[in-house]
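What follows is a set of notes on a single structure, which appears directly below.
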Amino acid sequence: MDPEASAAMKDLIRLLDYRMKARDSRVEQEDLCSTEPKQASYPFSALALAPVSVLQRVHREIDTAIAAVKEQANARVPVNRLPMELFTSILRMASERSHFLVKRAPLLTTLSLVCRLWNRVVLDSPALWTEWKSSDGPQFVKRALAQSRSLGLTLSCDLDVRELVGPDELGQCMSRWQDVRLCLRWRGDEVFAKLQKLGKDAAPKLKKLSIISDFSHAPLEIFDPSNPCALEKLEICCTPILWGAVNFELLRYLHMSGVETSPPSETELLQILERSQRLEYLCIEQMSLTEELTEPPMPTLPTLLYV
């Protein structure tokens with residue numbers, strides 16, 4: 001700060017100190033507000049006689065000081081004194097509950113604009129950026145992929161020919177898929193032709209997968225049977241797949257419904273159940289198996305709780 005501005009700032013500090021001690025906000029108000037140059041009635045000549053350019057610089061310094069004071073005051077608000085991990089968890093829970101009512105992008109933007117502390121928490125918390133929908137748009141998806149760093153992702157994508165987020169964007173982050181819901185609004189075979197088969201190498205973090213299709217097509221080659229991923233929950237709705245590739249020893253939840261075209265045979269279903277020794281939930285509805293065995297061997301499922 002140049003000498004003139006420094007002198008004016010010192011005079012201002014003395015003036016503020018005088019007012020606080022006097023408890024009288026009217027002191028020197030007329031002198032400070034007047035535009036006519038004159039001698040100050042108190043020894044604050046540097047401030048009272050300073051040119052406009054100096055006063056503008058002093059004003060900027062005051063704004064900076066006020067922002068610093070507000071930041072310190074915000075830091076002492078009870079919610080901002082919570083441990084960072086707990087505060088981040090609260091923000092994440094709030095965003096998850098409103099996820100179906102408000103798009104993720106404007107919600108996180110609003111949270112980041114509350115104050116500097118909240119802005120820092122939002123930008124420095126990868127867990128807040130791990131969940132997104134295709135309707136959030138490609139710009140938010142690109143930012144979320146960067147902000148979430150290497151964490152597993154929770155995705156909900158309606159794959160439509162008009163959708164801005166499609167197979168290319170999904171393929172770029174497949175190694176981070178964790179909880180994925182895909183709704184195929186157009187040809188599923190064209191979608192999965194652009195994606196790698198889901199296996200331990202391509203999708204090592206994948207735990208939950210839900211696929212819904214509105215379009216009739218041939219069975220989809222989704223899974224890599226030679227290198228299965230550690231899938232724990234699988235939902236297939238109206239989507240024919242290659243049933244022989246359903247080979248997940250950690251599978252706990254299996255729901256198949258509405259597969260009218262190329263449903264599994266009884267043999268294929270029994271093979272799936274034999275491979276799923278940890279299965280706890282099984283639901284098969286609105287579909288007919290393609291063959292009937294006279295005496296089908298019943299697999300042993302020791303952990304099954306619901307059928």
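Lettering and numbering for the structure tokens are positional, with chains as A, B, ... in the shown order, residues counted from 1 in each chain, and ligands counted from 1 in the shown order.
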
Quick one: everything within 12 Å of stretch 140-145 of chain A, counting only C-alpha atoms, minus sequence neighbours fewer than 6 positions away in the same chain. Send it as a ChimeraX atom specification. /A:103-109,122-134,151-157,164-166,169-170,172-177

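Distances here use only C-alpha atoms; by that measure, the residue among A:Gly137, A:Leu250, A:Cys115, A:Leu12 closest to A:Ala68 is A:Cys115.
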
Residues near A:Arg116, cut-off 12 Å, only C-alpha atoms, skip fewer than 3 positions along chain, as a ChimeraX atom specification: /A:67-68,70-75,80,111-113,119-124

Identify, with DSSP run on backbone atoms, the residues in stretch 122-294 of chain A assigned to alpha helix (DSSP H), and express the list as an MDAnalysis selection string. chainID A and resid 122:123 138:147 167:172 188:193 266:275

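For stretch 259-270 of chain A, the residues within 6 Å (counting only C-alpha atoms, excluding itself and residues fewer than 4 positions away along the chain) are Cys238, Thr239, Pro240, Met287, Leu289, Thr290 and Glu291 of chain A.
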
Which residues come within 12 Å of A:Asp2, counting only C-alpha atoms, excluding same-chain residues fewer than 5 positions away, as a PyMOL selection string? chain A and resi 7-9+53-55+57-58
